[in-house]
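*Asks:* The structure that follows is given in the form of structure tokens.
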Amino acid sequence: MDIQLDQHCQMLLAQFRERLPLLERLADLAHEKLCLALQEKGIYVTAMEYRVKKEKSLIGKLELKGGKYRDIGDITDLVGMRVITFYTDDVDKVAAIVKNIFDIDWKESVDKRRQHSLNSFGYNSLHYICRLPQDQVDDPRLATIPFEMQMRTALQHVWSTIEHDTGYKSNVPILPEHRRQFSRLAGMLELIDDEFSRLRKVLAEHQRQVQGLVQSGKLDEVPLSADSFRSYLELKPFDRLNQRIAAVNQAEIVPSSLMHFLPLMQHFGMTTLGDVQRFIDDNSNDAYQFALSQIAITDLDILSETVGVQYLCYVHALKNGAGSAEMCYVCDIVNGRQESNKEIALLLLKQGATMPFMNH
């Protein structure tokens with residue numbers, strides 16, 4: 001393959017081979033630094049790739065335009081990194097982090113997203129030419145080598161891959177109808193990309209509004225949903241009842257998820273967080289007495305954080321005339337589906353019938 005290159009390109013290729021171990025070290029170090037920075041900032045990306053250019057690929061590049069490079073250091077993509085995000089606004093977040101941890105060559109960098117014209121199509125990335133800062137390397141040579149950083153969304157990456165796979169960017173002429181179809185598809189993908197980002201912002205704003213209503217106690221204004229119930233649980237609404245029940249045996253309360261009780265509350269007809277709060281207020285004393293009647297005769301000293309809501313559900317079902325099928329359904333939610341729930345349901349109905357709250 002070397003004989004296809006002129007003397008100048010042969011010199012560049014020799015420089016590349018000599019520098020290869022340093023390039024590999026640079027790639028590993030830059031990738032490590034970026035991974036750590038993204039983790040510290042809590043930025044989730046769908047993929048991050050990095051590589052050192054293969055010799056075969058470099059030879060192809062030198063065959064086409066080797067004369068424009070005076071030195072191997074003029075080739076800025078010998079080391080390349082690519083960060084792929086789900087959302088367009090996350091590209092800018094990643095870019096801000098990249099600017100903080102690397103030195104950017106702004107003359108060589110380009111935001112191809114801003115180069116779109118009305119008749120263009122395809123997706124473009126944000127491209128930075130970076131270097132490691134001098135004060136963060138133990139080998140000064142590492143800070144002199146440029147590397148390319150591409151940042152794009154998942155849909156932009158898909159489009160780029162499709163373009164490459166179909167040979168659209170080749171030198172083979174494309175029929176007008178095919179060019180038009182590519183343009184339409186590119187426009188659709190661009191719209192989808194923007195709409196996903198917009199939708200995320202709308203949902204995030206809605207979540208903030210829900211959290212604000214929960215924190216301010218306006219629970220009747222908050223529809224009962226997975227998000228609102230999760231926010232409500234941050235207020236620890238079952239803690240007081242849990243502590244009362246645990247005090248019976250001086251038991252320890254161990255953390256546990258309460259989210260699986262949401263379908264049961266919806267089954268009971270609750271539609272707002274206000275309904276859940278009234279469910280707690282109206283049944284807490286009776287739930288405590290029912291738990292007391294069962295737990296006081298045991299030596300249980302470890303209880304799940306679900307104990308309070310569990311007995312609230314039992315009491316609510318009993319007060320509302322639950323039969324064996326309904327109580328078995330409640331037990332399936334509380335305990336998970338198991339054959340013994342039928343016996344447990346019958347026992348709860350029998351014991352519940354003797355409780356004072358059933359004889360009012």
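Each chain of the structure tokens is named A, B, ... in the order shown, its residues numbered from 1; ligands are numbered from 1 in display order.
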Per DSSP on the backbone, what are the strand (DSSP E) residues of stretch 213-335 of chain A, as a PyMOL selection string?

*Replies:* chain A and resi 252-254+302-304

*Asks:* Any idea what's packed within 9 Å of A:Leu12, counting only C-alpha atoms, ignoring anything in its chain fewer than 4 positions away? Could you give it as a list in words?

*Replies:*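 Here the qualifying residues turn out to be Gln7, His8, Phe16, Arg17, Leu62, Gly66, Tyr69, Arg70, Asp71 and Ile72 of chain A.
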
*Asks:* Give the answer as one residue: which of A:Ile280, A:Leu264, A:Ala47, A:Cys130 has the shortest atom-to-atom distance to A:Asn242, using only C-alpha atoms?

*Replies:*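 Between A:Ile280, A:Leu264, A:Ala47, A:Cys130, the residue approaching A:Asn242 most closely is A:Ile280.
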
*Asks:* For stretch 236-238 of chain A, list every protein, DNA or RNA residue within 12 Å, evaluated using only C-alpha atoms, and leave out those in the same chain fewer than 4 positions away; present the list as JSON, numbers by chain.

*Replies:* {"A": [214, 215, 217, 229, 230, 231, 232, 242, 243, 244, 245, 253, 255, 257, 258, 273, 274, 276, 277, 278, 279, 280, 281, 283, 284, 287, 288, 304, 305, 306, 307, 308, 309, 310, 311, 312]}

*Asks:* Could you write out that same residue set with C-alpha atoms as a compact mmCIF listing (two decimals), in the first residue's frame?

*Replies:*
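Listing of result_5.txt after writing:
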```txt
# COMPACT_ATOMS: atom_id res chain seq x y z
CA VAL A 214 -47.51 18.85 46.42
CA GLN A 215 -45.11 20.93 48.48
CA GLY A 217 -50.34 21.11 50.10
CA PHE A 229 -47.38 9.76 43.66
CA ARG A 230 -43.58 9.59 43.58
CA SER A 231 -43.40 13.30 44.48
CA TYR A 232 -45.99 12.77 47.22
CA ASN A 242 -45.28 3.32 60.46
CA GLN A 243 -43.66 4.66 63.63
CA ARG A 244 -46.80 3.98 65.69
CA ILE A 245 -46.97 0.40 64.45
CA ILE A 253 -38.32 -0.13 59.85
CA PRO A 255 -36.79 0.97 53.48
CA SER A 257 -40.61 0.95 47.55
CA LEU A 258 -44.24 1.99 47.89
CA LEU A 273 -53.42 13.12 45.81
CA GLY A 274 -56.10 14.73 47.95
CA VAL A 276 -54.83 9.63 49.00
CA GLN A 277 -54.39 12.06 51.88
CA ARG A 278 -58.02 11.56 52.97
CA PHE A 279 -57.50 7.80 52.66
CA ILE A 280 -54.67 8.16 55.19
CA ASP A 281 -56.47 10.59 57.50
CA ASN A 283 -58.14 5.18 58.18
CA SER A 284 -54.89 5.67 60.14
CA ALA A 287 -55.15 0.69 60.52
CA TYR A 288 -53.07 1.07 63.70
CA SER A 304 -41.04 -3.11 56.05
CA GLU A 305 -41.71 0.55 55.28
CA THR A 306 -44.85 -0.71 53.52
CA VAL A 307 -46.50 -1.81 56.78
CA GLY A 308 -48.53 1.35 57.25
CA VAL A 309 -50.00 1.57 53.75
CA GLN A 310 -50.55 -2.19 53.83
CA TYR A 311 -52.89 -1.97 56.82
CA LEU A 312 -54.52 1.17 55.44
```

*Asks:* One decimal, Å: what's the distance from atom CA of A:Ile302 over to atom CA of A:Gln250, could you say?

*Replies:* 8.7 Å

*Asks:* Skip A:Pro133 itself and residues of its chain fewer than 3 positions away, then list as a count of residues only all residues within 10 Å of it, counting only C-alpha atoms.

*Replies:* 11

*Asks:* Excluding stretch 289-294 of chain A and residues on its chain fewer than 4 positions from it, collect all residues at most 8 Å away from it, counting only C-alpha atoms, and give them as an MDAnalysis selection string.

*Replies:* chainID A and resid 245 248 285 298 311 315 352 355

*Asks:* Please provide the set of residues having any atom within 10 Å of A:Val45, restricted to only C-alpha atoms, with same-chain residues fewer than 6 positions apart removed, written as an MDAnalysis selection string.

*Replies:* chainID A and resid 35 38:39 83:87 90:91 94 153:154

*Asks:* Okay, now the selection with all heavy atoms, as a short mmCIF file (atom, residue, chain, number, x, y, z; two decimals), in the first residue's frame?

*Replies:*
```cif
data_model
loop_
_atom_site.label_atom_id
_atom_site.label_comp_id
_atom_site.auth_asym_id
_atom_site.auth_seq_id
_atom_site.Cartn_x
_atom_site.Cartn_y
_atom_site.Cartn_z
N CYS A 35 -15.46 10.92 30.33
CA CYS A 35 -16.38 10.05 31.07
C CYS A 35 -16.55 10.54 32.50
O CYS A 35 -17.68 10.62 33.01
CB CYS A 35 -15.86 8.62 31.07
SG CYS A 35 -16.11 7.72 29.53
N LEU A 38 -18.61 13.85 32.65
CA LEU A 38 -20.04 13.62 32.41
C LEU A 38 -20.71 13.01 33.63
O LEU A 38 -21.83 13.37 34.00
CB LEU A 38 -20.23 12.72 31.19
CG LEU A 38 -19.87 13.33 29.83
CD1 LEU A 38 -19.95 12.27 28.74
CD2 LEU A 38 -20.78 14.50 29.49
N GLN A 39 -20.02 12.07 34.27
CA GLN A 39 -20.57 11.44 35.47
C GLN A 39 -20.73 12.45 36.60
O GLN A 39 -21.74 12.47 37.30
CB GLN A 39 -19.67 10.29 35.92
CG GLN A 39 -19.69 9.09 34.99
CD GLN A 39 -18.67 8.03 35.37
OE1 GLN A 39 -17.95 8.17 36.36
NE2 GLN A 39 -18.59 6.97 34.59
N VAL A 83 -19.67 11.65 20.91
CA VAL A 83 -20.65 11.54 21.99
C VAL A 83 -22.03 11.64 21.38
O VAL A 83 -22.33 12.58 20.62
CB VAL A 83 -20.46 12.65 23.04
CG1 VAL A 83 -21.49 12.51 24.15
CG2 VAL A 83 -19.05 12.59 23.62
N ILE A 84 -22.88 10.67 21.69
CA ILE A 84 -24.23 10.63 21.13
C ILE A 84 -25.23 10.78 22.27
O ILE A 84 -25.20 10.04 23.25
CB ILE A 84 -24.47 9.31 20.38
CG1 ILE A 84 -23.46 9.15 19.25
CG2 ILE A 84 -25.89 9.25 19.82
CD1 ILE A 84 -23.45 7.78 18.60
N THR A 85 -26.11 11.77 22.14
CA THR A 85 -27.13 12.04 23.16
C THR A 85 -28.52 11.74 22.61
O THR A 85 -28.71 11.60 21.39
CB THR A 85 -27.08 13.51 23.60
OG1 THR A 85 -27.59 14.33 22.54
CG2 THR A 85 -25.66 13.95 23.93
N PHE A 86 -29.50 11.67 23.50
CA PHE A 86 -30.86 11.47 23.05
C PHE A 86 -31.49 12.77 22.55
O PHE A 86 -32.30 12.77 21.63
CB PHE A 86 -31.73 10.89 24.18
CG PHE A 86 -31.58 9.41 24.37
CD1 PHE A 86 -31.11 8.90 25.56
CD2 PHE A 86 -31.88 8.53 23.35
CE1 PHE A 86 -30.97 7.54 25.75
CE2 PHE A 86 -31.73 7.16 23.51
CZ PHE A 86 -31.28 6.67 24.72
N TYR A 87 -31.12 13.89 23.18
CA TYR A 87 -31.82 15.15 22.92
C TYR A 87 -30.87 16.21 22.40
O TYR A 87 -29.69 16.25 22.76
CB TYR A 87 -32.49 15.64 24.21
CG TYR A 87 -33.47 14.65 24.78
CD1 TYR A 87 -33.09 13.80 25.83
CD2 TYR A 87 -34.75 14.54 24.28
CE1 TYR A 87 -33.97 12.88 26.35
CE2 TYR A 87 -35.64 13.61 24.80
CZ TYR A 87 -35.26 12.79 25.83
OH TYR A 87 -36.13 11.87 26.33
N ASP A 90 -29.09 18.36 24.92
CA ASP A 90 -28.01 17.69 25.63
C ASP A 90 -26.68 17.80 24.87
O ASP A 90 -25.61 17.69 25.48
CB ASP A 90 -28.35 16.21 25.86
CG ASP A 90 -29.31 16.01 27.02
OD1 ASP A 90 -29.50 16.99 27.78
OD2 ASP A 90 -29.88 14.92 27.16
N VAL A 91 -26.75 17.99 23.56
CA VAL A 91 -25.54 18.22 22.79
C VAL A 91 -24.82 19.46 23.31
O VAL A 91 -23.60 19.48 23.50
CB VAL A 91 -25.84 18.35 21.29
CG1 VAL A 91 -24.60 18.80 20.52
CG2 VAL A 91 -26.35 17.03 20.72
N VAL A 94 -23.19 18.76 26.70
CA VAL A 94 -21.93 18.04 26.54
C VAL A 94 -20.85 18.99 26.04
O VAL A 94 -19.70 18.96 26.51
CB VAL A 94 -22.11 16.85 25.56
CG1 VAL A 94 -20.75 16.23 25.23
CG2 VAL A 94 -23.03 15.80 26.15
N THR A 153 -26.97 14.00 18.17
CA THR A 153 -28.07 13.24 18.76
C THR A 153 -28.13 11.85 18.14
O THR A 153 -27.51 11.58 17.10
CB THR A 153 -29.42 13.93 18.56
OG1 THR A 153 -29.76 13.89 17.16
CG2 THR A 153 -29.39 15.38 19.03
N ALA A 154 -28.91 10.99 18.78
CA ALA A 154 -29.06 9.62 18.28
C ALA A 154 -29.66 9.62 16.88
O ALA A 154 -29.23 8.85 16.01
CB ALA A 154 -29.92 8.81 19.23
#
```

*Asks:* May I ask which of the residues A:Gly336, A:Leu241, A:Val52, A:Glu40 is the closest one to A:Arg19, counting only C-alpha atoms?

*Replies:*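 Checking each of A:Gly336, A:Leu241, A:Val52, A:Glu40 against A:Arg19, counting only C-alpha atoms, the winner is A:Val52.
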
*Asks:* Run DSSP on the backbone and give me the residues of stretch 123-231 of chain A it puts in alpha helix (DSSP H), as number ranges by chain.

*Replies:* A: 154-166, 176-215, 226-231
